[in-house]
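Peer 1: For reference, this is entry25.csv, and it has CSV, C-alpha atoms and all ligand atoms.
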```csv
chain,number,residue,atom,x,y,z
A,1352,MET,CA,0.0,0.0,0.0
A,1353,SER,CA,1.3,3.4,-0.9
A,1354,GLN,CA,0.5,7.0,0.2
A,1355,LYS,CA,1.3,10.6,-0.7
A,1356,VAL,CA,4.0,12.3,1.3
A,1357,LEU,CA,5.7,15.6,1.2
A,1358,PHE,CA,9.5,15.0,0.9
A,1359,LEU,CA,12.1,17.6,1.8
A,1360,GLU,CA,14.4,16.2,-0.8
A,1361,LYS,CA,17.8,17.2,0.6
A,1362,ALA,CA,19.4,19.6,3.0
A,1363,LYS,CA,18.1,23.1,2.1
A,1364,GLY,CA,16.4,21.5,-0.9
A,1365,ALA,CA,12.8,21.7,-2.3
A,1366,PHE,CA,9.5,20.2,-1.0
A,1367,VAL,CA,8.1,17.6,-3.4
A,1368,VAL,CA,4.9,15.5,-3.2
A,1369,ALA,CA,5.8,11.8,-3.8
A,1370,ASN,CA,4.6,8.3,-3.2
A,1371,ALA,CA,6.0,6.2,-0.3
A,1372,PRO,CA,5.0,3.0,1.5
A,1373,ILE,CA,2.4,3.1,4.3
A,1374,LEU,CA,4.3,1.6,7.4
A,1375,LYS,CA,2.8,-0.9,9.9
A,1376,PRO,CA,2.9,0.1,13.6
A,1377,GLY,CA,5.5,-1.6,15.7
A,1378,PRO,CA,4.9,-2.7,19.4
A,1379,GLY,CA,3.4,0.1,21.4
A,1380,GLN,CA,2.7,2.3,18.3
A,1381,ILE,CA,-0.5,3.2,16.4
A,1382,SER,CA,-0.7,4.2,12.8
A,1383,ILE,CA,-2.8,7.4,12.2
A,1384,LYS,CA,-4.6,8.5,9.0
A,1385,VAL,CA,-3.6,12.1,9.0
A,1386,ILE,CA,-6.6,14.4,8.5
A,1387,SER,CA,-5.0,17.7,9.6
A,1388,ALA,CA,-1.4,18.8,10.1
A,1389,ALA,CA,-0.3,22.2,11.4
A,1390,LEU,CA,2.6,24.2,10.0
A,1391,ASN,CA,5.2,25.6,12.4
A,1392,PRO,CA,8.3,27.9,12.2
A,1393,ALA,CA,10.5,24.8,12.8
A,1394,ASP,CA,9.4,23.4,9.4
A,1395,TRP,CA,10.7,26.4,7.4
A,1396,LYS,CA,13.7,26.8,9.6
A,1397,ILE,CA,14.7,23.1,9.0
A,1398,GLN,CA,14.5,23.7,5.2
A,1399,ALA,CA,16.4,27.0,5.4
A,1400,PHE,CA,19.1,26.0,7.9
A,1401,ASP,CA,19.4,22.2,7.9
A,1402,VAL,CA,18.8,21.6,11.6
A,1403,PHE,CA,17.5,18.6,13.5
A,1404,ILE,CA,17.4,16.2,10.5
A,1405,GLN,CA,19.8,13.2,10.3
A,1406,LYS,CA,18.7,11.7,7.1
A,1407,TYR,CA,17.3,13.0,3.7
A,1408,PRO,CA,14.9,12.8,2.0
A,1409,THR,CA,12.8,13.5,5.0
A,1410,ILE,CA,9.2,14.3,6.0
A,1411,LEU,CA,8.4,17.2,8.4
A,1412,GLY,CA,5.4,18.2,10.4
A,1413,THR,CA,5.0,18.1,14.2
A,1414,ASP,CA,1.3,18.7,14.8
A,1415,ILE,CA,-1.1,15.9,13.8
A,1416,ALA,CA,-4.8,15.1,14.1
A,1417,GLY,CA,-6.5,12.1,12.4
A,1418,ASP,CA,-8.1,8.7,12.8
A,1419,VAL,CA,-6.4,5.6,14.3
A,1420,GLU,CA,-5.8,3.3,11.3
A,1421,GLU,CA,-4.0,0.3,12.9
A,1422,ILE,CA,-3.0,-0.8,16.4
A,1423,GLY,CA,0.5,-2.1,17.2
A,1424,GLU,CA,1.1,-5.0,19.6
A,1425,GLY,CA,0.4,-4.3,23.2
A,1426,VAL,CA,-1.7,-1.1,22.6
A,1427,GLU,CA,-4.8,-1.3,24.7
A,1428,ASN,CA,-6.4,2.1,25.0
A,1429,PHE,CA,-7.1,2.9,21.3
A,1430,ALA,CA,-9.3,1.3,18.6
A,1431,LYS,CA,-9.4,1.7,14.9
A,1432,GLY,CA,-11.4,4.8,14.0
A,1433,ASP,CA,-10.7,6.7,17.2
A,1434,LYS,CA,-10.1,10.4,16.5
A,1435,VAL,CA,-6.7,11.4,17.9
A,1436,PHE,CA,-4.1,14.2,18.1
A,1437,CYS,CA,-0.4,14.1,18.9
A,1438,GLN,CA,3.0,15.6,18.3
A,1439,GLY,CA,5.1,14.4,15.4
A,1440,TYR,CA,8.9,14.1,15.4
A,1441,PHE,CA,11.9,14.9,13.2
A,1442,VAL,CA,12.0,11.4,11.6
A,1443,SER,CA,9.9,10.6,8.5
A,1444,GLU,CA,7.8,7.7,10.0
A,1445,MET,CA,6.6,10.0,12.8
A,1446,ALA,CA,5.9,13.2,10.8
A,1447,GLY,CA,2.7,15.0,9.9
A,1448,PHE,CA,3.2,16.0,6.3
A,1449,GLN,CA,2.0,12.6,4.9
A,1450,GLN,CA,-1.2,10.7,4.7
A,1451,TYR,CA,-0.3,8.0,7.3
A,1452,THR,CA,2.1,8.2,10.3
A,1453,LEU,CA,3.2,6.2,13.3
A,1454,ILE,CA,3.3,7.5,16.9
A,1455,PRO,CA,3.9,5.7,20.2
A,1456,ALA,CA,0.4,5.3,21.8
A,1457,ASP,CA,1.5,6.6,25.2
A,1458,ILE,CA,1.9,10.1,23.9
A,1459,VAL,CA,-1.3,10.3,21.9
A,1460,GLY,CA,-4.7,11.8,23.1
A,1461,LYS,CA,-8.3,11.4,21.9
A,1462,ILE,CA,-9.7,14.5,20.3
A,1463,PRO,CA,-12.2,16.1,22.7
A,1464,SER,CA,-15.8,16.4,21.4
A,1465,ASN,CA,-15.7,20.2,21.5
A,1466,ILE,CA,-13.0,20.7,18.7
A,1467,ASP,CA,-12.5,19.5,15.2
A,1468,TYR,CA,-9.5,18.0,13.5
A,1469,ALA,CA,-8.0,21.3,12.4
A,1470,GLN,CA,-8.3,22.8,15.8
A,1471,ALA,CA,-6.8,19.7,17.4
A,1472,ALA,CA,-3.8,19.9,15.1
A,1473,SER,CA,-3.2,23.5,16.2
A,1474,ILE,CA,-2.5,22.4,19.8
A,1475,PRO,CA,0.3,19.8,20.4
A,1476,LEU,CA,3.6,21.6,19.6
A,1477,GLY,CA,2.6,25.0,21.1
A,1478,PHE,CA,1.2,23.4,24.2
A,1479,THR,CA,4.1,21.0,24.6
A,1480,THR,CA,6.7,23.8,24.3
A,1481,SER,CA,5.1,26.0,26.8
A,1482,ALA,CA,4.3,23.1,29.2
A,1483,VAL,CA,7.9,21.8,29.1
A,1484,GLY,CA,9.1,25.4,29.6
A,1485,ILE,CA,6.8,26.3,32.4
A,1486,MET,CA,5.7,23.2,34.2
A,1487,SER,CA,8.4,20.5,33.7
A,1488,ALA,CA,11.6,19.9,35.7
A,1489,HIS,CA,13.5,20.9,32.5
A,1490,GLY,CA,12.0,24.4,32.7
A,1491,LEU,CA,10.6,26.6,35.4
A,1492,ALA,CA,9.4,23.4,37.2
A,1493,LEU,CA,6.2,25.1,38.4
A,1494,ASN,CA,4.0,22.0,38.3
A,1495,PRO,CA,5.6,18.8,36.7
A,1496,SER,CA,2.7,16.6,37.7
A,1497,PHE,CA,-0.2,18.8,36.4
A,1498,ASP,CA,-1.5,19.0,40.0
A,1499,SER,CA,-4.7,21.1,39.9
A,1500,ASN,CA,-4.2,22.2,43.5
A,1501,VAL,CA,-1.0,24.1,42.7
A,1502,SER,CA,-1.6,27.9,42.8
A,1503,PHE,CA,0.5,30.9,42.3
A,1504,SER,CA,-2.3,33.2,43.3
A,1505,GLY,CA,-1.1,36.8,44.1
A,1506,LYS,CA,2.0,36.4,41.8
A,1507,PRO,CA,2.7,38.2,38.5
A,1508,VAL,CA,4.3,36.7,35.4
A,1509,PHE,CA,5.4,38.0,32.0
A,1510,VAL,CA,5.0,36.4,28.6
A,1511,PHE,CA,7.0,38.1,25.7
A,1512,GLY,CA,5.1,37.4,22.4
A,1513,GLY,CA,1.6,36.4,23.6
A,1514,SER,CA,0.1,36.1,20.1
A,1515,THR,CA,2.5,33.4,19.0
A,1516,SER,CA,1.1,29.9,19.1
A,1517,VAL,CA,3.5,29.1,21.9
A,1518,GLY,CA,2.7,32.4,23.7
A,1519,GLN,CA,-1.0,31.7,23.6
A,1520,SER,CA,-0.4,28.3,25.3
A,1521,ALA,CA,1.9,29.9,27.9
A,1522,ILE,CA,-0.8,32.5,28.8
A,1523,GLN,CA,-3.3,29.7,29.3
A,1524,ILE,CA,-0.9,27.6,31.4
A,1525,PHE,CA,-0.1,30.5,33.7
A,1526,ARG,CA,-3.9,31.0,34.1
A,1527,PHE,CA,-4.2,27.3,34.9
A,1528,LEU,CA,-1.5,27.8,37.5
A,1529,GLY,CA,-3.5,30.6,39.1
A,1530,PHE,CA,-1.1,33.5,38.5
A,1531,SER,CA,-3.0,36.7,39.3
A,1532,THR,CA,-1.3,39.1,37.0
A,1533,ILE,CA,-0.4,37.8,33.5
A,1534,ILE,CA,1.3,40.5,31.4
A,1535,THR,CA,2.1,40.0,27.8
A,1536,TYR,CA,3.7,41.9,24.9
A,1537,ALA,CA,1.8,41.7,21.5
A,1538,SER,CA,0.1,43.8,18.8
A,1539,ALA,CA,-2.9,45.6,20.2
A,1540,ARG,CA,-5.2,43.9,17.7
A,1541,HIS,CA,-4.8,40.6,19.6
A,1542,THR,CA,-5.8,42.2,23.0
A,1543,ASP,CA,-9.4,40.9,23.3
A,1544,PHE,CA,-8.3,37.4,22.2
A,1545,LEU,CA,-5.3,37.2,24.6
A,1546,LYS,CA,-7.5,38.5,27.5
A,1547,SER,CA,-9.9,35.7,26.7
A,1548,LEU,CA,-7.0,33.3,27.2
A,1549,GLY,CA,-6.1,34.7,30.6
A,1550,ALA,CA,-3.8,37.7,29.9
A,1551,THR,CA,-4.7,40.5,32.4
A,1552,HIS,CA,-2.6,43.1,30.6
A,1553,VAL,CA,-1.6,43.3,27.0
A,1554,ILE,CA,1.2,45.8,26.2
A,1555,ASP,CA,1.0,47.0,22.6
A,1556,ARG,CA,4.3,46.3,20.8
A,1557,THR,CA,3.6,49.1,18.3
A,1558,GLU,CA,3.4,51.6,21.2
A,1559,VAL,CA,6.0,50.5,23.7
A,1560,SER,CA,9.5,49.8,22.3
A,1561,VAL,CA,11.4,46.7,23.4
A,1562,ASP,CA,13.9,49.0,25.1
A,1563,ASN,CA,11.3,50.6,27.4
A,1564,LEU,CA,9.3,47.4,27.9
A,1565,ALA,CA,10.8,46.2,31.2
A,1566,GLU,CA,10.0,49.4,33.0
A,1567,VAL,CA,6.4,49.2,31.8
A,1568,VAL,CA,6.1,45.5,32.8
A,1569,LYS,CA,7.5,46.1,36.3
A,1570,LYS,CA,5.2,49.0,36.9
A,1571,ILE,CA,2.1,46.9,35.9
A,1572,ALA,CA,3.3,43.9,38.0
A,1573,ASN,CA,3.7,46.0,41.1
A,1574,ALA,CA,5.4,43.0,42.8
A,1575,PRO,CA,8.6,41.1,42.1
A,1576,ILE,CA,8.4,39.0,38.9
A,1577,GLU,CA,10.0,35.6,39.6
A,1578,ASN,CA,9.0,33.9,36.4
A,1579,ALA,CA,8.9,34.9,32.7
A,1580,PHE,CA,8.4,33.2,29.4
A,1581,ASN,CA,9.9,34.3,26.1
A,1582,ALA,CA,8.1,33.1,22.9
A,1583,VAL,CA,10.2,35.2,20.5
A,1584,ALA,CA,13.6,33.8,19.7
A,1585,ASP,CA,15.8,36.9,19.6
A,1586,ASP,CA,18.2,38.8,21.8
A,1587,SER,CA,16.2,42.0,22.4
A,1588,SER,CA,13.2,40.0,23.7
A,1589,ARG,CA,15.4,38.1,26.0
A,1590,THR,CA,17.0,41.3,27.4
A,1591,ALA,CA,13.5,42.7,28.0
A,1592,CYS,CA,12.5,39.5,29.9
A,1593,PHE,CA,15.7,39.5,32.0
A,1594,ASP,CA,15.2,43.2,32.8
A,1595,SER,CA,11.6,42.5,33.9
A,1596,LEU,CA,12.6,39.7,36.3
A,1597,ALA,CA,13.3,40.3,40.0
A,1598,GLU,CA,16.7,39.3,41.4
A,1599,GLY,CA,17.1,35.5,41.1
A,1600,GLY,CA,14.2,35.3,38.6
A,1601,LYS,CA,13.8,32.5,36.1
A,1602,LEU,CA,13.1,32.7,32.3
A,1603,ALA,CA,11.9,29.9,30.0
A,1604,ASP,CA,13.0,30.7,26.5
A,1605,VAL,CA,12.1,29.1,23.1
A,1606,ASP,CA,15.5,29.9,21.7
A,1607,PRO,CA,17.8,26.9,22.1
A,1608,GLN,CA,20.9,29.3,22.0
A,1609,ALA,CA,19.7,31.5,24.9
A,1610,LYS,CA,22.3,32.0,27.6
A,1611,ASP,CA,22.3,33.4,31.2
A,1612,ARG,CA,23.9,36.8,31.5
A,1613,GLY,CA,25.7,36.2,34.7
A,1614,ASP,CA,23.6,38.3,37.0
A,1615,GLY,CA,22.0,35.4,39.0
A,1616,LYS,CA,18.9,35.3,36.8
A,1617,LYS,CA,18.6,31.9,35.1
A,1618,VAL,CA,17.4,31.0,31.6
A,1619,PHE,CA,15.9,27.5,30.8
A,1620,THR,CA,16.0,26.7,27.1
A,1621,ILE,CA,13.2,24.6,25.9
A,1622,PHE,CA,13.2,21.5,23.7
A,1623,GLY,CA,9.5,21.3,23.1
A,1624,SER,CA,9.1,17.6,22.2
A,1625,VAL,CA,7.5,14.8,24.1
A,1626,HIS,CA,9.6,12.4,22.0
A,1627,SER,CA,12.9,13.4,23.4
A,1628,PRO,CA,14.1,11.0,26.2
A,1629,GLN,CA,14.4,13.9,28.8
A,1630,ASN,CA,10.7,14.9,28.2
A,1631,ARG,CA,9.2,11.4,27.7
A,1632,GLU,CA,7.9,10.8,31.2
A,1633,PHE,CA,6.6,14.4,31.4
A,1634,GLY,CA,5.1,13.8,27.9
A,1635,ARG,CA,3.1,10.8,29.2
A,1636,ILE,CA,1.7,13.0,32.0
A,1637,LEU,CA,1.0,15.8,29.6
A,1638,TRP,CA,-1.0,13.5,27.2
A,1639,ASN,CA,-2.9,12.1,30.2
A,1640,ASN,CA,-4.1,15.6,31.0
A,1641,LEU,CA,-4.3,17.6,27.8
A,1642,PRO,CA,-7.5,16.1,26.3
A,1643,ARG,CA,-9.5,16.8,29.5
A,1644,MET,CA,-8.0,20.3,29.7
A,1645,VAL,CA,-9.2,21.0,26.2
A,1646,GLN,CA,-12.6,19.4,26.9
A,1647,ASP,CA,-13.2,21.6,30.0
A,1648,GLY,CA,-12.0,24.8,28.3
A,1649,THR,CA,-8.8,25.2,30.3
A,1650,ILE,CA,-6.9,25.1,27.0
A,1651,VAL,CA,-8.5,26.4,23.8
A,1652,PRO,CA,-7.1,25.7,20.4
A,1653,ASN,CA,-5.5,28.4,18.1
A,1654,ARG,CA,-7.6,30.1,15.6
A,1655,VAL,CA,-7.0,28.2,12.3
A,1656,GLU,CA,-6.5,29.1,8.7
A,1657,LYS,CA,-7.2,26.1,6.3
A,1658,LEU,CA,-4.7,25.7,3.4
A,1659,PRO,CA,-5.9,24.4,0.0
A,1660,ASN,CA,-4.3,21.6,-2.2
A,1661,GLY,CA,-3.4,19.0,0.5
A,1662,LEU,CA,0.3,18.4,0.9
A,1663,ALA,CA,1.1,20.5,-2.1
A,1664,GLY,CA,-0.2,23.6,-0.3
A,1665,ILE,CA,2.3,23.4,2.5
A,1666,ASP,CA,5.2,25.0,0.7
A,1667,ASP,CA,3.3,28.3,0.1
A,1668,GLY,CA,2.1,28.3,3.8
A,1669,LEU,CA,5.7,28.0,5.0
A,1670,LYS,CA,6.8,30.8,2.7
A,1671,LYS,CA,4.1,33.0,4.3
A,1672,MET,CA,5.3,32.1,7.8
A,1673,ARG,CA,8.9,32.9,6.9
A,1674,ALA,CA,7.8,36.3,5.5
A,1675,ASN,CA,6.0,37.1,8.8
A,1676,GLN,CA,2.7,37.2,7.1
A,1677,VAL,CA,0.9,34.9,9.6
A,1678,SER,CA,-0.5,36.8,12.5
A,1679,GLY,CA,-2.2,35.1,15.5
A,1680,VAL,CA,-3.4,32.0,13.5
A,1681,LYS,CA,-2.2,28.5,12.8
A,1682,LEU,CA,-2.0,27.3,9.2
A,1683,ILE,CA,-3.5,23.8,8.7
A,1684,ALA,CA,-3.0,21.4,5.8
A,1685,PHE,CA,-5.2,18.4,4.9
A,1686,PRO,CA,-3.0,15.6,3.5
A,1687,GLN,CA,-5.9,13.5,2.4
A,1688,GLU,CA,-6.9,16.3,-0.1
A,1689,THR,CA,-3.7,15.8,-2.0
A,1690,VAL,CA,-4.6,15.2,-5.7
A,1691,GLN,CA,-1.2,15.2,-7.5
A,1701,LIG,N1,12.4,25.5,21.5
A,1701,LIG,C1,11.3,24.9,21.0
A,1701,LIG,O1,11.2,23.6,21.2
A,1701,LIG,C2,10.3,25.6,20.1
A,1701,LIG,C3,9.1,24.9,19.9
A,1701,LIG,C4,8.1,25.6,19.1
A,1701,LIG,C5,8.4,26.9,18.6
A,1701,LIG,N2,9.7,27.5,18.9
A,1701,LIG,C6,10.0,28.8,18.4
A,1701,LIG,O2,9.2,29.7,19.1
A,1701,LIG,C7,8.9,30.8,18.3
A,1701,LIG,C8,7.4,31.0,18.2
A,1701,LIG,O3,6.8,29.9,17.5
A,1701,LIG,P1,5.3,30.0,17.2
A,1701,LIG,O4,4.9,28.8,16.4
A,1701,LIG,O5,4.5,30.2,18.5
A,1701,LIG,O6,5.2,31.3,16.3
A,1701,LIG,P2,4.0,31.9,15.4
A,1701,LIG,O7,2.7,31.5,16.0
A,1701,LIG,O8,4.3,31.5,14.0
A,1701,LIG,O9,4.3,33.4,15.6
A,1701,LIG,C9,3.7,34.4,14.9
A,1701,LIG,C10,3.4,35.5,15.8
A,1701,LIG,O10,4.6,36.1,16.3
A,1701,LIG,C11,4.4,37.4,16.7
A,1701,LIG,N3,5.6,38.1,16.8
A,1701,LIG,C12,6.7,38.1,15.9
A,1701,LIG,N4,7.7,38.9,16.4
A,1701,LIG,C13,7.3,39.4,17.5
A,1701,LIG,C14,7.8,40.3,18.5
A,1701,LIG,N5,9.1,40.9,18.3
A,1701,LIG,N6,7.1,40.7,19.6
A,1701,LIG,C15,5.9,40.1,19.8
A,1701,LIG,N7,5.3,39.3,19.0
A,1701,LIG,C16,6.0,38.9,17.8
A,1701,LIG,C17,3.5,37.9,15.6
A,1701,LIG,O11,2.8,38.9,16.1
A,1701,LIG,P3,1.9,40.0,15.2
A,1701,LIG,O12,0.6,39.4,15.0
A,1701,LIG,O13,1.9,41.2,16.1
A,1701,LIG,O14,2.7,40.2,14.0
A,1701,LIG,C18,2.7,36.7,15.2
A,1701,LIG,O15,1.3,36.7,15.7
A,1701,LIG,C19,9.6,30.6,16.9
A,1701,LIG,O16,10.8,31.2,16.9
A,1701,LIG,C20,9.7,29.1,17.0
A,1701,LIG,O17,10.8,28.6,16.1
A,1701,LIG,C21,10.6,26.8,19.6
```
For this file, write the structure as structure tokens.
Peer 2:
Amino acid sequence: MSQKVLFLEKAKGAFVVANAPILKPGPGQISIKVISAALNPADWKIQAFDVFIQKYPTILGTDIAGDVEEIGEGVENFAKGDKVFCQGYFVSEMAGFQQYTLIPADIVGKIPSNIDYAQAASIPLGFTTSAVGIMSAHGLALNPSFDSNVSFSGKPVFVFGGSTSVGQSAIQIFRFLGFSTIITYASARHTDFLKSLGATHVIDRTEVSVDNLAEVVKKIANAPIENAFNAVADDSSRTACFDSLAEGGKLADVDPQAKDRGDGKKVFTIFGSVHSPQNREFGRILWNNLPRMVQDGTIVPNRVEKLPNGLAGIDDGLKKMRANQVSGVKLIAFPQETVQ
């Protein structure tokens, strides 16, 4: 049996729709018929900079929603036809930009009844990245067990880049953790949406420059900021986060290159994947909790924009992302609609 896949042919090469075999799930795995796959900055960055990938041609795509197609040996909690969502990985057999993929069943969730496939595909990477950064022992370690009794009531927190997918999840996680003041930096047009997710204050990035940001953040917080989250991978955002933090404060940062600056404030770089050995146990806990948190409204999906042309439409979507033409939405592809 063969399927359509989107190959990245070689390092820094082109995306090409091709035929490839449909793989059978191994022990502990399920195979998923991919209905929706979200696009992420990592996908265009891999193509542009040749990072993360060991072997070409390769298939990308780290946000997946679809139907269980086949069950591997030892898998008990899923059945053929279940609607599921999960995070893909940087190896072809576990990627989203194809019609069928394989994922270990212990890091897969059932899609809650209040969202559709496209919305489900918008959640895994953004949520995982912010949860690893904020909750896990490899980040700020604020609640590694998803204990609903943990509360940071009375405390302020700062999220740089609240309108990013990762930033939207970070705001919602800080709300889940009970922070009283959740300050974020984003374009004013996202204000109402970000307040609906839990932000208490949205600082307009077209009004307040990054250089003056920390002073504004500290004034709003009116108490020491012990924790911050940076969802924008550059030096000026990191400086603003560090300057906003109180002495000894901690920053979770999406930039893998982020470094401490030697003043006692600590940065935790995030590897936002439940597939990596260091995050695997936390990933199991995450997938035990995430479907329920979506069902009860603790976590809401991104707003989505649906792409045409199945797998062939992904290349144009990634170009739009790279040109900063995607604002506050997640681009979603539908691999089963591939006609070529
Ligand atoms: N370390 C990891 O494991 C990991 C995992 C996932 C993502 N990431 C990285 O995290 C970053 C965010 O990813 P994403 O998927 O969440 O991004 P995204 O949703 O594609 O981000 C788009 C948004 O970024 C906002 N933005 C851009 N520059 C900004 C700035 N200087 N200040 C405030 N907002 C800004 C834009 O706001 P406007 O609407 O105002 O234009 C836009 O809404 C990327 O660099 C990505 O590579 C890292």
Peer 1: Using all atoms listed in the file, pick whichever of A:Lys1569, A:Lys1406, A:Lys1431, A:Lys1671 has the shortest atom-to-atom distance to ligand LIG 1701 (chain A).
Peer 2: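 Between A:Lys1569, A:Lys1406, A:Lys1431, A:Lys1671, the residue approaching ligand LIG 1701 (chain A) most closely is A:Lys1671.
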Peer 1: Measuring between all atoms listed in the file, which one of A:Val1385, A:Val1618, A:Ile1454, A:Ala1582 shows the shortest distance to ligand LIG 1701 (chain A)?
Peer 2: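 Of A:Val1385, A:Val1618, A:Ile1454, A:Ala1582, the one nearest ligand LIG 1701 (chain A), counting all atoms listed in the file, is A:Ala1582.
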Peer 1: Between A:Leu1390, A:Val1605, A:Ala1550, A:Leu1669, which is the closest to ligand LIG 1701 (chain A) once you count only C-alpha atoms and all ligand atoms?
Peer 2: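 Residue with the minimum atom-to-atom distance to ligand LIG 1701 (chain A): A:Val1605.
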Peer 1: Find the distance between CA of Glu1424 in chain A and CA of Leu1476 in chain A and write it in Å to one decimal.
Peer 2: 26.7 Å
Peer 1: Calculate how many Å separate CA of Ser1587 in chain A from CA of Ala1609 in chain A, rounding to one decimal.
Peer 2: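 CA of Ser1587 in chain A sits 11.3 Å away from CA of Ala1609 in chain A.
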Peer 1: Around (5.8, 42.6, 48.6), as given in the file, which residues come within 12 Å? Count all atoms listed in the file and list them as a list in words.
Peer 2: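 Every residue inside that radius is included here: Gly1505, Lys1506, Pro1507, Ala1572, Asn1573, Ala1574, Pro1575, Ile1576 and Ala1597 of chain A.
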Peer 1: Within 6 Å of Asn1581 in chain A, counting all atoms listed in the file, which residues show up once you throw out same-chain ones fewer than 3 positions away? Write them as a list in words, please.
Peer 2: Val1510, Phe1511 and Asp1604 of chain A
Peer 1: Take the residues that were just selected and, keeping C-alpha atoms, output them as a CSV table (one decimal), in the frame of the given file.
Peer 2:
```csv
chain,number,residue,atom,x,y,z
A,1510,VAL,CA,5.0,36.4,28.6
A,1511,PHE,CA,7.0,38.1,25.7
A,1604,ASP,CA,13.0,30.7,26.5
```
Peer 1: Kindly work out which residues sit at most 8 Å from ligand LIG 1701 (chain A), using only C-alpha atoms and all ligand atoms, and give the list as JSON, numbers by chain.
Peer 2: {"A": [1391, 1392, 1393, 1396, 1476, 1477, 1479, 1480, 1511, 1512, 1513, 1514, 1515, 1516, 1517, 1518, 1519, 1536, 1537, 1538, 1539, 1540, 1541, 1556, 1582, 1583, 1584, 1585, 1588, 1604, 1605, 1606, 1607, 1620, 1621, 1622, 1623, 1624, 1672, 1675, 1676, 1677, 1678, 1679, 1680, 1681]}
Peer 1: Rank nothing, just name the residue among A:Ile1404, A:Ile1458, A:Gln1380, A:Lys1375 nearest to Lys1363 in chain A, using all atoms listed in the file.
Peer 2: A:Ile1404
Peer 1: What separation in Å, quoted to one decimal, exists between CA of Ala1362 in chain A and CA of Phe1400 in chain A?
Peer 2: 8.1 Å
Peer 1: From the set A:Asn1660, A:Ser1382, A:Gln1438, A:Asn1494, which residue has the shortest atom-to-atom contact distance to Ile1524 in chain A, counting all atoms listed in the file?
Peer 2: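 Nearest candidate to Ile1524 in chain A out of A:Asn1660, A:Ser1382, A:Gln1438, A:Asn1494: A:Asn1494.
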Peer 1: Please determine the residues with any atom at most 8 Å from (3.2, 3.8, -7.1) (coordinates as given in the file, with all atoms listed in the file counting) and report them as an mmCIF file with C-alpha atoms, keeping the file's coordinate frame.
Peer 2:
```cif
data_model
loop_
_atom_site.group_PDB
_atom_site.id
_atom_site.type_symbol
_atom_site.label_atom_id
_atom_site.label_comp_id
_atom_site.auth_asym_id
_atom_site.auth_seq_id
_atom_site.Cartn_x
_atom_site.Cartn_y
_atom_site.Cartn_z
ATOM 1 C CA SER A 1353 1.300 3.400 -0.900
ATOM 2 C CA ASN A 1370 4.600 8.300 -3.200
ATOM 3 C CA ALA A 1371 6.000 6.200 -0.300
#
```
Peer 1: Which of these, A:Glu1427, A:Glu1360, A:Asp1498, A:Glu1566, has the shortest distance to Ser1443 in chain A once you count all atoms listed in the file?
Peer 2: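 Among A:Glu1427, A:Glu1360, A:Asp1498, A:Glu1566, it is A:Glu1360 that comes nearest to Ser1443 in chain A.
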Peer 1: Can you pull out the residues contacting range 1461-1475 of chain A? Cut-off 6 Å, using only C-alpha atoms, and skip same-chain residues under 3 positions away; I want them as a PDB file with C-alpha atoms, keeping the file's coordinate frame.
Peer 2:
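Heads up, here's the output in part-v8.pdb:
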```
ATOM      1  CA  SER A1387      -5.000  17.700   9.600  1.00  0.00           C
ATOM      2  CA  ALA A1388      -1.400  18.800  10.100  1.00  0.00           C
ATOM      3  CA  ALA A1389      -0.300  22.200  11.400  1.00  0.00           C
ATOM      4  CA  ASP A1414       1.300  18.700  14.800  1.00  0.00           C
ATOM      5  CA  ILE A1415      -1.100  15.900  13.800  1.00  0.00           C
ATOM      6  CA  ALA A1416      -4.800  15.100  14.100  1.00  0.00           C
ATOM      7  CA  LYS A1434     -10.100  10.400  16.500  1.00  0.00           C
ATOM      8  CA  VAL A1435      -6.700  11.400  17.900  1.00  0.00           C
ATOM      9  CA  CYS A1437      -0.400  14.100  18.900  1.00  0.00           C
ATOM     10  CA  GLN A1438       3.000  15.600  18.300  1.00  0.00           C
ATOM     11  CA  PHE A1478       1.200  23.400  24.200  1.00  0.00           C
ATOM     12  CA  THR A1479       4.100  21.000  24.600  1.00  0.00           C
ATOM     13  CA  PRO A1642      -7.500  16.100  26.300  1.00  0.00           C
ATOM     14  CA  GLN A1646     -12.600  19.400  26.900  1.00  0.00           C
ATOM     15  CA  PRO A1652      -7.100  25.700  20.400  1.00  0.00           C
ATOM     16  CA  ASN A1653      -5.500  28.400  18.100  1.00  0.00           C
TER      17      ASN A1653
END
```
Peer 1: Any idea what's packed within 8 Å of Met1352 in chain A, counting only C-alpha atoms, ignoring anything in its chain fewer than 2 positions away? Could you give it as a tab-separated table (two decimals) with C-alpha atoms, keeping the file's coordinate frame?
Peer 2:
```
chain	number	residue	atom	x	y	z
A	1354	GLN	CA	0.50	7.00	0.20
A	1372	PRO	CA	5.00	3.00	1.50
A	1373	ILE	CA	2.40	3.10	4.30
```
Peer 1: Would you pick out the contacts of Cys1592 in chain A at 8 Å or less, using only C-alpha atoms, so that residues sharing its chain but fewer than 6 positions from it are not included, and give the list as JSON, numbers by chain?
Peer 2: {"A": [1509, 1511, 1565, 1579, 1580, 1581, 1602]}
Peer 1: Env of Gly1661 in chain A: 9 Å cut, atoms = all atoms listed in the file, seq-sep filter 3 positions within chain, self excluded. Answer as a PyMOL selection string.
Peer 2: chain A and resi 1658+1664-1665+1684-1690
